[in-house]
file upload.cif (mmCIF, C-alpha atoms)
data_upload
loop_
_atom_site.group_PDB
_atom_site.id
_atom_site.type_symbol
_atom_site.label_atom_id
_atom_site.label_comp_id
_atom_site.auth_asym_id
_atom_site.auth_seq_id
_atom_site.Cartn_x
_atom_site.Cartn_y
_atom_site.Cartn_z
ATOM 1 C CA MET A 240 -28.825 3.347 3.220
ATOM 2 C CA ILE A 241 -25.904 1.307 1.964
ATOM 3 C CA LEU A 242 -22.442 2.904 1.909
ATOM 4 C CA ALA A 243 -19.741 0.922 0.120
ATOM 5 C CA PHE A 244 -16.042 1.637 0.542
ATOM 6 C CA THR A 245 -13.572 0.268 -2.004
ATOM 7 C CA GLY A 246 -9.956 0.738 -3.088
ATOM 8 C CA ASP A 247 -7.072 0.607 -0.613
ATOM 9 C CA ARG A 248 -8.088 -1.543 2.350
ATOM 10 C CA PHE A 249 -6.633 0.780 4.978
ATOM 11 C CA LEU A 250 -8.246 3.858 3.438
ATOM 12 C CA ALA A 251 -11.557 2.079 2.827
ATOM 13 C CA ARG A 252 -11.819 0.838 6.406
ATOM 14 C CA ARG A 253 -10.850 4.200 7.854
ATOM 15 C CA ALA A 254 -13.360 5.993 5.619
ATOM 16 C CA ALA A 255 -16.109 3.592 6.705
ATOM 17 C CA ARG A 256 -15.379 4.209 10.385
ATOM 18 C CA ARG A 257 -15.303 7.953 9.800
ATOM 19 C CA ALA A 258 -18.617 7.887 7.938
ATOM 20 C CA LEU A 259 -20.258 6.111 10.882
ATOM 21 C CA ARG A 260 -18.765 8.557 13.393
ATOM 22 C CA GLU A 261 -20.001 11.523 11.362
ATOM 23 C CA ARG A 262 -23.507 10.089 11.760
ATOM 24 C CA GLY A 263 -23.111 10.048 15.516
ATOM 25 C CA LEU A 264 -22.396 6.328 15.835
ATOM 26 C CA GLY A 265 -19.701 5.023 18.133
ATOM 27 C CA PRO A 266 -18.257 1.484 18.270
ATOM 28 C CA GLY A 267 -21.015 0.381 20.642
ATOM 29 C CA ASP A 268 -23.707 1.473 18.181
ATOM 30 C CA VAL A 269 -22.425 -0.604 15.282
ATOM 31 C CA THR A 270 -22.720 -4.338 14.667
ATOM 32 C CA GLU A 271 -19.668 -5.557 12.759
ATOM 33 C CA LEU A 272 -19.748 -8.762 10.737
ATOM 34 C CA GLY A 273 -16.730 -10.216 8.985
ATOM 35 C CA GLU A 274 -15.383 -13.753 8.898
ATOM 36 C CA GLY A 275 -18.158 -16.278 8.432
ATOM 37 C CA LEU A 276 -20.578 -13.704 7.054
ATOM 38 C CA GLU A 277 -23.839 -15.313 5.931
ATOM 39 C CA PRO A 278 -26.914 -13.734 4.282
ATOM 40 C CA GLU A 279 -29.061 -14.785 7.252
ATOM 41 C CA ALA A 280 -26.706 -12.988 9.645
ATOM 42 C CA ILE A 281 -27.084 -9.774 7.640
ATOM 43 C CA SER A 282 -30.886 -9.938 7.710
ATOM 44 C CA GLN A 283 -31.009 -10.882 11.407
ATOM 45 C CA ALA A 284 -28.594 -8.124 12.460
ATOM 46 C CA ALA A 285 -30.576 -5.538 10.521
ATOM 47 C CA ARG A 286 -33.844 -6.619 12.159
ATOM 48 C CA GLN A 287 -32.402 -6.705 15.682
ATOM 49 C CA SER A 288 -30.831 -3.283 15.315
ATOM 50 C CA GLY A 289 -34.162 -1.909 14.162
ATOM 51 C CA LEU A 290 -35.847 -3.050 17.387
ATOM 52 C CA PHE A 291 -33.677 -0.680 19.398
ATOM 53 C CA GLY A 292 -33.866 2.235 17.013
ATOM 54 C CA ALA A 293 -30.200 2.118 16.013
ATOM 55 C CA THR A 294 -29.691 0.328 12.716
ATOM 56 C CA ALA A 295 -26.016 0.349 11.841
ATOM 57 C CA LEU A 296 -24.018 -2.510 10.367
ATOM 58 C CA LEU A 297 -20.384 -2.684 9.291
ATOM 59 C CA LEU A 298 -19.750 -5.558 6.902
ATOM 60 C CA ASP A 299 -16.162 -6.511 6.070
ATOM 61 C CA PHE A 300 -16.386 -8.382 2.768
ATOM 62 C CA ASP A 301 -12.610 -8.702 2.544
ATOM 63 C CA ALA A 302 -12.393 -10.632 5.821
ATOM 64 C CA ALA A 303 -15.578 -12.578 5.120
ATOM 65 C CA PHE A 304 -14.650 -13.985 1.728
ATOM 66 C CA GLN A 305 -10.846 -14.086 1.865
ATOM 67 C CA GLY A 306 -9.515 -17.257 0.265
ATOM 68 C CA GLN A 307 -12.929 -18.423 -0.928
ATOM 69 C CA ALA A 308 -13.182 -19.749 -4.463
ATOM 70 C CA GLY A 309 -15.970 -18.405 -6.625
ATOM 71 C CA VAL A 310 -18.349 -15.538 -6.029
ATOM 72 C CA ALA A 311 -21.521 -17.356 -5.000
ATOM 73 C CA ALA A 312 -21.219 -16.544 -1.290
ATOM 74 C CA ARG A 313 -20.385 -12.905 -1.979
ATOM 75 C CA ASN A 314 -23.290 -12.542 -4.407
ATOM 76 C CA ALA A 315 -25.633 -14.068 -1.836
ATOM 77 C CA ALA A 316 -24.531 -11.496 0.737
ATOM 78 C CA VAL A 317 -25.104 -8.660 -1.739
ATOM 79 C CA LYS A 318 -28.532 -10.101 -2.501
ATOM 80 C CA ALA A 319 -29.360 -10.037 1.209
ATOM 81 C CA LEU A 320 -28.398 -6.374 1.343
ATOM 82 C CA GLU A 321 -30.983 -5.585 -1.301
ATOM 83 C CA GLU A 322 -33.637 -6.706 1.157
ATOM 84 C CA VAL A 323 -32.587 -4.920 4.361
ATOM 85 C CA PRO A 324 -34.963 -2.191 5.629
ATOM 86 C CA SER A 325 -34.603 1.160 3.916
ATOM 87 C CA ASP A 326 -33.895 2.895 7.242
ATOM 88 C CA ALA A 327 -30.931 0.607 7.958
ATOM 89 C CA LEU A 328 -27.469 2.101 7.728
ATOM 90 C CA VAL A 329 -25.016 -0.429 6.321
ATOM 91 C CA ALA A 330 -21.347 0.305 5.675
ATOM 92 C CA VAL A 331 -19.598 -2.278 3.478
ATOM 93 C CA ILE A 332 -15.822 -2.616 3.124
ATOM 94 C CA ASP A 333 -15.075 -4.247 -0.232
ATOM 95 C CA ALA A 334 -11.521 -3.132 -0.963
ATOM 96 C CA LYS A 335 -10.983 -5.595 -3.807
ATOM 97 C CA ALA A 336 -14.227 -4.789 -5.598
ATOM 98 C CA THR A 337 -14.110 -5.235 -9.367
ATOM 99 C CA ASP A 338 -15.534 -2.594 -11.685
ATOM 100 C CA ALA A 339 -18.682 -4.693 -11.962
ATOM 101 C CA ARG A 340 -19.126 -4.807 -8.182
ATOM 102 C CA LYS A 341 -18.474 -1.083 -7.903
ATOM 103 C CA LYS A 342 -21.253 -0.515 -10.395
ATOM 104 C CA ARG A 343 -23.547 -2.693 -8.295
ATOM 105 C CA TRP A 344 -22.662 -0.797 -5.119
ATOM 106 C CA ARG A 345 -23.535 2.470 -6.833
ATOM 107 C CA ALA A 346 -26.907 1.015 -7.781
ATOM 108 C CA LEU A 347 -27.553 -0.076 -4.183
ATOM 109 C CA GLY A 348 -26.460 3.120 -2.485
ATOM 110 C CA GLU A 349 -23.334 5.273 -2.358
ATOM 111 C CA LEU A 350 -19.802 4.308 -3.360
ATOM 112 C CA ASP A 351 -16.658 5.802 -1.829
ATOM 113 C CA ASP A 352 -13.684 4.539 -3.864
ATOM 114 C CA ARG A 353 -10.249 5.277 -2.391
ATOM 115 C CA PRO A 354 -7.435 3.771 -4.484
ATOM 116 C CA THR A 355 -3.950 3.496 -3.043
ATOM 117 C CA PRO A 356 -2.142 6.791 -3.752
ATOM 118 C CA ARG A 357 1.048 6.312 -5.738
ATOM 119 C CA TYR A 358 4.005 8.448 -6.819
ATOM 120 C CA GLY A 359 3.028 12.142 -6.782
ATOM 121 C CA ALA A 360 -0.398 11.325 -5.370
ATOM 122 C CA LEU A 361 1.262 9.564 -2.427
ATOM 123 C CA ARG A 362 3.227 12.687 -1.539
ATOM 124 C CA GLY A 363 0.033 14.718 -1.773
ATOM 125 C CA TRP A 364 -1.742 12.270 0.524
ATOM 126 C CA VAL A 365 1.078 12.469 3.080
ATOM 127 C CA ALA A 366 1.051 16.266 2.924
ATOM 128 C CA GLN A 367 -2.699 16.278 3.577
ATOM 129 C CA GLU A 368 -2.305 13.857 6.489
ATOM 130 C CA LEU A 369 0.366 16.111 8.017
ATOM 131 C CA LYS A 370 -1.905 19.124 7.638
ATOM 132 C CA GLU A 371 -4.952 17.385 9.122
ATOM 133 C CA ARG A 372 -2.926 16.212 12.144
ATOM 134 C CA GLY A 373 -1.514 19.690 12.694
ATOM 135 C CA VAL A 374 2.092 18.688 12.081
ATOM 136 C CA ARG A 375 4.316 21.681 11.384
ATOM 137 C CA ALA A 376 6.868 20.561 8.814
ATOM 138 C CA THR A 377 9.024 21.930 6.034
ATOM 139 C CA ARG A 378 8.033 21.311 2.435
ATOM 140 C CA GLY A 379 10.281 18.298 1.849
ATOM 141 C CA VAL A 380 8.996 16.227 4.780
ATOM 142 C CA ALA A 381 6.013 14.790 2.879
ATOM 143 C CA ALA A 382 8.275 13.561 0.063
ATOM 144 C CA LEU A 383 10.744 12.118 2.575
ATOM 145 C CA LEU A 384 8.060 10.164 4.425
ATOM 146 C CA ALA A 385 6.668 8.870 1.126
ATOM 147 C CA ASP A 386 10.159 7.704 0.149
ATOM 148 C CA LEU A 387 10.851 6.042 3.508
ATOM 149 C CA PHE A 388 7.512 4.229 3.837
ATOM 150 C CA GLY A 389 6.463 3.731 0.216
ATOM 151 C CA GLU A 390 2.832 2.590 0.014
ATOM 152 C CA ASP A 391 2.687 1.409 3.631
ATOM 153 C CA LEU A 392 -0.271 3.668 4.443
ATOM 154 C CA PRO A 393 -0.943 2.260 7.936
ATOM 155 C CA GLY A 394 2.719 2.794 8.788
ATOM 156 C CA LEU A 395 2.625 6.326 7.403
ATOM 157 C CA ALA A 396 -0.530 7.226 9.296
ATOM 158 C CA SER A 397 0.869 5.801 12.529
ATOM 159 C CA GLU A 398 4.144 7.683 12.137
ATOM 160 C CA ILE A 399 2.334 10.954 11.397
ATOM 161 C CA GLU A 400 0.278 10.471 14.572
ATOM 162 C CA LYS A 401 3.549 10.182 16.512
ATOM 163 C CA LEU A 402 5.011 13.273 14.859
ATOM 164 C CA ALA A 403 1.852 15.217 15.714
ATOM 165 C CA VAL A 404 2.675 14.844 19.410
ATOM 166 C CA LEU A 405 5.885 16.865 19.014
ATOM 167 C CA ASP A 406 5.516 20.595 19.523
ATOM 168 C CA GLU A 407 8.137 21.677 17.003
ATOM 169 C CA GLU A 408 8.580 22.434 13.331
ATOM 170 C CA LEU A 409 10.103 19.394 11.683
ATOM 171 C CA ASP A 410 12.591 19.401 8.830
ATOM 172 C CA GLU A 411 13.832 16.456 6.770
ATOM 173 C CA ASP A 412 16.894 15.718 8.900
ATOM 174 C CA ARG A 413 14.846 15.733 12.100
ATOM 175 C CA VAL A 414 12.200 13.447 10.636
ATOM 176 C CA ARG A 415 14.807 11.060 9.250
ATOM 177 C CA THR A 416 16.303 10.763 12.735
ATOM 178 C CA LEU A 417 12.940 10.303 14.419
ATOM 179 C CA VAL A 418 11.589 7.764 11.962
ATOM 180 C CA ASN A 419 14.818 5.782 11.557
ATOM 181 C CA ARG A 420 13.513 3.521 8.806
ATOM 182 C CA PRO A 421 16.198 2.066 6.563
ATOM 183 C CA ALA A 422 14.133 0.003 4.097
ATOM 184 C CA SER A 423 13.443 2.429 1.287
ATOM 185 C CA ARG A 424 16.636 4.385 1.839
ATOM 186 C CA ASP A 425 18.860 1.304 1.778
ATOM 187 C CA ALA A 426 16.906 -0.384 -1.002
ATOM 188 C CA PHE A 427 18.898 1.681 -3.476
ATOM 189 C CA ASP A 428 22.122 0.432 -1.871
ATOM 190 C CA MET A 429 20.924 -3.109 -2.486
ATOM 191 C CA ILE A 430 19.890 -2.234 -6.031
ATOM 192 C CA ASP A 431 23.324 -0.702 -6.702
ATOM 193 C CA ALA A 432 24.904 -3.992 -5.599
ATOM 194 C CA ILE A 433 22.423 -6.005 -7.660
ATOM 195 C CA VAL A 434 23.000 -3.993 -10.841
ATOM 196 C CA ALA A 435 26.761 -4.179 -10.261
ATOM 197 C CA GLY A 436 26.446 -7.984 -10.099
ATOM 198 C CA ASP A 437 27.778 -8.076 -6.534
ATOM 199 C CA PRO A 438 25.850 -10.840 -4.717
ATOM 200 C CA GLY A 439 27.896 -10.535 -1.518
ATOM 201 C CA THR A 440 27.030 -6.869 -0.978
ATOM 202 C CA ALA A 441 23.431 -7.415 -2.080
ATOM 203 C CA LEU A 442 23.023 -10.248 0.428
ATOM 204 C CA GLY A 443 24.774 -8.276 3.167
ATOM 205 C CA THR A 444 22.482 -5.283 2.662
ATOM 206 C CA ALA A 445 19.437 -7.520 2.749
ATOM 207 C CA ARG A 446 20.578 -9.020 6.041
ATOM 208 C CA LEU A 447 21.260 -5.566 7.513
ATOM 209 C CA LEU A 448 17.707 -4.516 6.697
ATOM 210 C CA LEU A 449 16.222 -7.670 8.196
ATOM 211 C CA ASP A 450 18.433 -7.468 11.289
ATOM 212 C CA ALA A 451 17.325 -3.843 11.760
ATOM 213 C CA GLY A 452 13.778 -5.111 12.207
ATOM 214 C CA GLU A 453 12.370 -4.507 8.739
ATOM 215 C CA ALA A 454 9.675 -7.020 7.807
ATOM 216 C CA ALA A 455 10.531 -9.121 4.770
ATOM 217 C CA PRO A 456 7.401 -8.066 2.800
ATOM 218 C CA ARG A 457 8.300 -4.436 3.425
ATOM 219 C CA VAL A 458 11.826 -4.921 2.076
ATOM 220 C CA LEU A 459 10.444 -6.674 -1.003
ATOM 221 C CA GLY A 460 7.897 -3.885 -1.384
ATOM 222 C CA ALA A 461 10.637 -1.266 -1.200
ATOM 223 C CA LEU A 462 12.642 -3.114 -3.859
ATOM 224 C CA ALA A 463 9.590 -3.434 -6.101
ATOM 225 C CA TRP A 464 8.788 0.256 -5.697
ATOM 226 C CA GLN A 465 12.346 1.318 -6.497
ATOM 227 C CA PHE A 466 12.596 -0.963 -9.534
ATOM 228 C CA ALA A 467 9.214 0.312 -10.759
ATOM 229 C CA LEU A 468 10.645 3.806 -10.491
ATOM 230 C CA ILE A 469 13.714 2.677 -12.438
ATOM 231 C CA ALA A 470 11.452 1.212 -15.124
ATOM 232 C CA ARG A 471 9.768 4.588 -15.525
ATOM 233 C CA ALA A 472 13.202 6.231 -15.594
ATOM 234 C CA VAL A 473 14.229 3.890 -18.418
ATOM 235 C CA ALA A 474 11.152 4.942 -20.385
ATOM 236 C CA LEU A 475 11.858 8.629 -19.670
ATOM 237 C CA ARG A 476 15.487 8.254 -20.757
ATOM 238 C CA GLU A 477 14.460 6.525 -23.987
ATOM 239 C CA ARG A 478 12.077 9.371 -24.724
ATOM 240 C CA ASP A 479 14.065 12.422 -23.596
ATOM 241 C CA GLY A 480 17.624 11.198 -23.078
ATOM 242 C CA ASP A 481 19.622 12.143 -19.964
ATOM 243 C CA VAL A 482 17.578 14.882 -18.306
ATOM 244 C CA PRO A 483 18.605 16.918 -15.223
ATOM 245 C CA LYS A 484 17.672 15.508 -11.822
ATOM 246 C CA GLY A 485 15.115 18.252 -11.214
ATOM 247 C CA VAL A 486 13.348 17.533 -14.504
ATOM 248 C CA ALA A 487 13.399 13.799 -13.793
ATOM 249 C CA ALA A 488 11.901 14.402 -10.338
ATOM 250 C CA LYS A 489 9.010 16.329 -11.860
ATOM 251 C CA GLU A 490 8.395 13.775 -14.611
ATOM 252 C CA LEU A 491 8.635 10.785 -12.276
ATOM 253 C CA GLY A 492 6.657 12.408 -9.459
ATOM 254 C CA VAL A 493 9.245 11.723 -6.746
ATOM 255 C CA ALA A 494 11.814 13.666 -4.763
ATOM 256 C CA PRO A 495 15.078 14.667 -6.532
ATOM 257 C CA TYR A 496 17.269 12.110 -4.707
ATOM 258 C CA PRO A 497 15.390 8.936 -5.753
ATOM 259 C CA ALA A 498 14.809 10.456 -9.193
ATOM 260 C CA GLY A 499 18.540 10.997 -9.668
ATOM 261 C CA LYS A 500 19.377 7.491 -8.469
ATOM 262 C CA ALA A 501 16.738 5.996 -10.748
ATOM 263 C CA MET A 502 18.059 7.870 -13.789
ATOM 264 C CA GLU A 503 21.605 6.809 -12.960
ATOM 265 C CA ILE A 504 20.653 3.134 -12.759
ATOM 266 C CA ALA A 505 18.459 3.461 -15.875
ATOM 267 C CA ARG A 506 21.651 3.860 -17.903
ATOM 268 C CA ARG A 507 22.662 0.303 -16.947
ATOM 269 C CA VAL A 508 19.429 -1.658 -17.405
ATOM 270 C CA ASP A 509 16.966 -2.355 -20.169
ATOM 271 C CA GLU A 510 13.390 -3.566 -20.481
ATOM 272 C CA ALA A 511 14.314 -7.240 -20.788
ATOM 273 C CA MET A 512 16.328 -7.190 -17.576
ATOM 274 C CA LEU A 513 13.580 -5.334 -15.732
ATOM 275 C CA LEU A 514 11.127 -8.062 -16.691
ATOM 276 C CA GLU A 515 13.520 -10.593 -15.163
ATOM 277 C CA VAL A 516 13.700 -8.475 -12.011
ATOM 278 C CA PHE A 517 9.944 -8.292 -11.541
ATOM 279 C CA GLU A 518 9.572 -12.033 -12.115
ATOM 280 C CA VAL A 519 12.088 -12.718 -9.335
ATOM 281 C CA LEU A 520 10.446 -10.225 -6.962
ATOM 282 C CA LEU A 521 6.981 -11.609 -7.666
ATOM 283 C CA ASP A 522 8.169 -15.142 -6.981
ATOM 284 C CA ALA A 523 9.850 -14.021 -3.744
ATOM 285 C CA GLU A 524 6.755 -12.196 -2.515
ATOM 286 C CA THR A 525 4.479 -15.122 -3.378
ATOM 287 C CA ALA A 526 6.813 -17.577 -1.656
ATOM 288 C CA ALA A 527 6.989 -15.412 1.478
ATOM 289 C CA LYS A 528 3.234 -14.815 1.714
ATOM 290 C CA THR A 529 2.182 -18.406 1.035
ATOM 291 C CA GLY A 530 4.706 -19.978 3.386
ATOM 292 C CA ARG A 531 6.485 -21.744 0.548
ATOM 293 C CA ARG A 532 9.676 -20.140 1.782
ATOM 294 C CA ASP A 533 10.783 -18.439 4.974
ATOM 295 C CA PRO A 534 10.141 -14.674 4.427
ATOM 296 C CA ALA A 535 13.683 -13.638 5.395
ATOM 297 C CA TRP A 536 15.180 -16.290 3.122
ATOM 298 C CA ALA A 537 12.864 -15.134 0.322
ATOM 299 C CA VAL A 538 14.440 -11.672 0.541
ATOM 300 C CA GLU A 539 17.984 -13.033 0.669
ATOM 301 C CA ALA A 540 17.354 -15.466 -2.188
ATOM 302 C CA ALA A 541 15.896 -12.658 -4.320
ATOM 303 C CA ALA A 542 18.949 -10.463 -3.661
ATOM 304 C CA LEU A 543 21.317 -13.290 -4.646
ATOM 305 C CA SER A 544 19.308 -14.318 -7.707
ATOM 306 C CA LEU A 545 19.079 -10.774 -9.057
ATOM 307 C CA ALA A 546 22.763 -10.026 -8.464
ATOM 308 C CA ASP A 547 23.711 -13.277 -10.226
ATOM 309 C CA ARG A 548 21.548 -12.339 -13.206
ATOM 310 C CA PHE A 549 23.178 -8.940 -13.564
ATOM 311 C CA GLY A 550 26.645 -10.337 -12.965
ATOM 312 C CA ASP A 551 26.258 -13.122 -15.537
ATOM 313 C CA PRO A 552 23.744 -12.376 -18.329
ATOM 314 C CA ARG A 553 23.743 -16.093 -19.214
ATOM 315 C CA ALA A 554 22.106 -16.816 -15.845
ATOM 316 C CA ALA A 555 18.917 -15.152 -17.047
#

call {"tool": "encode", "arguments": {"input": "upload.cif", "output": "structure tokens"}}
result
Amino acid sequence: MILAFTGDRFLARRAARRALRERGLGPGDVTELGEGLEPEAISQAARQSGLFGATALLLDFDAAFQGQAGVAARNAAVKALEEVPSDALVAVIDAKATDARKKRWRALGELDDRPTPRYGALRGWVAQELKERGVRATRGVAALLADLFGEDLPGLASEIEKLAVLDEELDEDRVRTLVNRPASRDAFDMIDAIVAGDPGTALGTARLLLDAGEAAPRVLGALAWQFALIARAVALRERDGDVPKGVAAKELGVAPYPAGKAMEIARRVDEAMLLEVFEVLLDAETAAKTGRRDPAWAVEAAALSLADRFGDPRAA
């Protein structure tokens, strides 16, 4: 049987591990293949496992084919899977699977697709994680955690595990103190400075976040998430005008505080400027991830560039 797990990498990998555990297989019962995966290795591992009566493979396609040009090697590995014994249990992690590959996985076995939860779905996912871990919390805690961590699912899951240790009912203030994460909260402070065309404050806020231990990609991710929310607020305002914060929160699928901030900033930006913003953020993220620029400097340069653009429209 072939089980394929796609979508968000963290969720796909966790689902694959859980599926193996539910079938009574521990880490010692599973052969994991990742980097350097070859079709021959798949066939050999399947045959060897069969000799001992425990046929379980975990194949990490994302690690195996990361950075490789073309699809020949990946297609060869899939071809090898078509020929493994029918009694073999193979779990495949293919987080970046295209629609075509998902269709092929369905034809070969079972597909478990777990896309990254966003906006309202993210809050629902956090609420479910809190419930499954037995965390006693007030209603607003899930929304708060989603706002503080954004789409950092590993970070969210880890933090929820820590909160589960506490034998108390948690409210928003208590969680904010325990988590102590400034990135998403202070991202709006940086955005306020950017939209006001204040490069000094924008740069200072960026440095405060980095000095507090926030990873550069996380700060850029928080900025991108907040500006994406502002873009949706701009669209909502164009459609319905200035709506109350509670209505905006429901329409945007976020807590009232970020919804209100997004609607406030939406009065000062337009679609053309938002396009400029996302181009700058994309360039900063690419530069940080490829090593073209020091990650911390990429954040600071993005803050300065955006503030300059808002402060002097001719700079765009």

call {"tool": "closest_residue", "arguments": {"input": "upload.cif", "among": "A:Ala467, A:Ala403, A:Ala295, A:Ala254", "to": "Leu272 (chain A)", "atoms": "all atoms listed in the file"}}
result
A:Ala295

call {"tool": "closest_residue", "arguments": {"input": "upload.cif", "among": "A:Gly439, A:Gly492, A:Pro483, A:Gly452", "to": "Ser544 (chain A)", "atoms": "only C-alpha atoms"}}
result
A:Gly439

call {"tool": "residues_near_point", "arguments": {"input": "upload.cif", "point": "(4.6, 9.7, -0.7)", "cutoff": "12 Å", "atoms": "only C-alpha atoms", "output": "PDB file with C-alpha atoms, keeping the file's coordinate frame"}}
result
ATOM      1  CA  THR A 355      -3.950   3.496  -3.043  1.00  0.00           C
ATOM      2  CA  PRO A 356      -2.142   6.791  -3.752  1.00  0.00           C
ATOM      3  CA  ARG A 357       1.048   6.312  -5.738  1.00  0.00           C
ATOM      4  CA  TYR A 358       4.005   8.448  -6.819  1.00  0.00           C
ATOM      5  CA  GLY A 359       3.028  12.142  -6.782  1.00  0.00           C
ATOM      6  CA  ALA A 360      -0.398  11.325  -5.370  1.00  0.00           C
ATOM      7  CA  LEU A 361       1.262   9.564  -2.427  1.00  0.00           C
ATOM      8  CA  ARG A 362       3.227  12.687  -1.539  1.00  0.00           C
ATOM      9  CA  GLY A 363       0.033  14.718  -1.773  1.00  0.00           C
ATOM     10  CA  TRP A 364      -1.742  12.270   0.524  1.00  0.00           C
ATOM     11  CA  VAL A 365       1.078  12.469   3.080  1.00  0.00           C
ATOM     12  CA  ALA A 366       1.051  16.266   2.924  1.00  0.00           C
ATOM     13  CA  GLN A 367      -2.699  16.278   3.577  1.00  0.00           C
ATOM     14  CA  GLU A 368      -2.305  13.857   6.489  1.00  0.00           C
ATOM     15  CA  LEU A 369       0.366  16.111   8.017  1.00  0.00           C
ATOM     16  CA  GLY A 379      10.281  18.298   1.849  1.00  0.00           C
ATOM     17  CA  VAL A 380       8.996  16.227   4.780  1.00  0.00           C
ATOM     18  CA  ALA A 381       6.013  14.790   2.879  1.00  0.00           C
ATOM     19  CA  ALA A 382       8.275  13.561   0.063  1.00  0.00           C
ATOM     20  CA  LEU A 383      10.744  12.118   2.575  1.00  0.00           C
ATOM     21  CA  LEU A 384       8.060  10.164   4.425  1.00  0.00           C
ATOM     22  CA  ALA A 385       6.668   8.870   1.126  1.00  0.00           C
ATOM     23  CA  ASP A 386      10.159   7.704   0.149  1.00  0.00           C
ATOM     24  CA  LEU A 387      10.851   6.042   3.508  1.00  0.00           C
ATOM     25  CA  PHE A 388       7.512   4.229   3.837  1.00  0.00           C
ATOM     26  CA  GLY A 389       6.463   3.731   0.216  1.00  0.00           C
ATOM     27  CA  GLU A 390       2.832   2.590   0.014  1.00  0.00           C
ATOM     28  CA  ASP A 391       2.687   1.409   3.631  1.00  0.00           C
ATOM     29  CA  LEU A 392      -0.271   3.668   4.443  1.00  0.00           C
ATOM     30  CA  GLY A 394       2.719   2.794   8.788  1.00  0.00           C
ATOM     31  CA  LEU A 395       2.625   6.326   7.403  1.00  0.00           C
ATOM     32  CA  ALA A 396      -0.530   7.226   9.296  1.00  0.00           C
ATOM     33  CA  SER A 423      13.443   2.429   1.287  1.00  0.00           C
ATOM     34  CA  TRP A 464       8.788   0.256  -5.697  1.00  0.00           C
ATOM     35  CA  GLY A 492       6.657  12.408  -9.459  1.00  0.00           C
ATOM     36  CA  VAL A 493       9.245  11.723  -6.746  1.00  0.00           C
ATOM     37  CA  ALA A 494      11.814  13.666  -4.763  1.00  0.00           C
ATOM     38  CA  PRO A 497      15.390   8.936  -5.753  1.00  0.00           C
TER      39      PRO A 497
END

call {"tool": "atom_distance", "arguments": {"input": "upload.cif", "atom1": "CA of Ala527 (chain A)", "atom2": "CA of Leu449 (chain A)"}}
result
13.8 Å

call {"tool": "resolve_selection", "arguments": {"input": "upload.cif", "expression": "the PyMOL selection byres ((chain A and resi 248-252) around 10)", "output": "MDAnalysis selection string"}}
result
chainID A and resid 243:247 253:258 297 299 301 330:335 351:356 391:393 396

call {"tool": "resolve_selection", "arguments": {"input": "upload.cif", "expression": "the PyMOL selection byres ((chain A and resi 440-444) around 9)", "output": "MDAnalysis selection string"}}
result
chainID A and resid 425:426 428:433 436:439 445:449 538:543 545:546

call {"tool": "residues_near_point", "arguments": {"input": "upload.cif", "point": "(14.2, 12.3, -12.4)", "cutoff": "8 Å", "atoms": "only C-alpha atoms", "output": "ChimeraX atom specification"}}
result
/A:472,482-491,493,495,497-499,501-502

call {"tool": "atom_distance", "arguments": {"input": "upload.cif", "atom1": "CA of Glu518 (chain A)", "atom2": "CA of Trp536 (chain A)"}}
result
16.8 Å

call {"tool": "closest_residue", "arguments": {"input": "upload.cif", "among": "A:Lys318, A:Arg471, A:Arg413, A:Lys370", "to": "Leu513 (chain A)", "atoms": "only C-alpha atoms"}}
result
A:Arg471

call {"tool": "atom_distance", "arguments": {"input": "upload.cif", "atom1": "CA of Arg260 (chain A)", "atom2": "CA of Ser282 (chain A)"}}
result
22.8 Å

call {"tool": "residues_around", "arguments": {"input": "upload.cif", "residues": "region 275-280 of chain A", "least_positions_apart": "5", "cutoff": "10 Å", "atoms": "only C-alpha atoms", "output": "ChimeraX atom specification"}}
result
/A:285-286,298-300,302-304,312-320

call {"tool": "closest_residue", "arguments": {"input": "upload.cif", "among": "A:Tyr496, A:Asp479, A:Ala311, A:Gly273", "to": "Gln465 (chain A)", "atoms": "all atoms listed in the file"}}
result
A:Tyr496

call {"tool": "closest_residue", "arguments": {"input": "upload.cif", "among": "A:Glu398, A:Asp522, A:Glu349, A:Glu477", "to": "Leu328 (chain A)", "atoms": "all atoms listed in the file"}}
result
A:Glu349

call {"tool": "residues_around", "arguments": {"input": "upload.cif", "residues": "Ala455 (chain A)", "least_positions_apart": "3", "cutoff": "6 Å", "atoms": "all atoms listed in the file", "output": "number ranges by chain"}}
result
A: 458, 534-535

call {"tool": "closest_residue", "arguments": {"input": "upload.cif", "among": "A:Lys528, A:Leu521, A:Phe427, A:Asp450", "to": "Glu503 (chain A)", "atoms": "all atoms listed in the file"}}
result
A:Phe427

call {"tool": "build_atoms", "arguments": {"input": "upload.cif", "residues": "region 361-365 of chain A", "atoms": "N, CA and C atoms", "output": "compact mmCIF listing (two decimals), keeping the file's coordinate frame"}}
result
# COMPACT_ATOMS: atom_id res chain seq x y z
N LEU A 361 0.89 10.01 -3.77
CA LEU A 361 1.26 9.56 -2.43
C LEU A 361 1.83 10.73 -1.63
N ARG A 362 2.68 11.53 -2.24
CA ARG A 362 3.23 12.69 -1.54
C ARG A 362 2.12 13.66 -1.16
N GLY A 363 1.15 13.83 -2.07
CA GLY A 363 0.03 14.72 -1.77
C GLY A 363 -0.79 14.20 -0.61
N TRP A 364 -0.98 12.88 -0.57
CA TRP A 364 -1.74 12.27 0.52
C TRP A 364 -1.02 12.47 1.85
N VAL A 365 0.30 12.28 1.85
CA VAL A 365 1.08 12.47 3.08
C VAL A 365 1.00 13.92 3.53
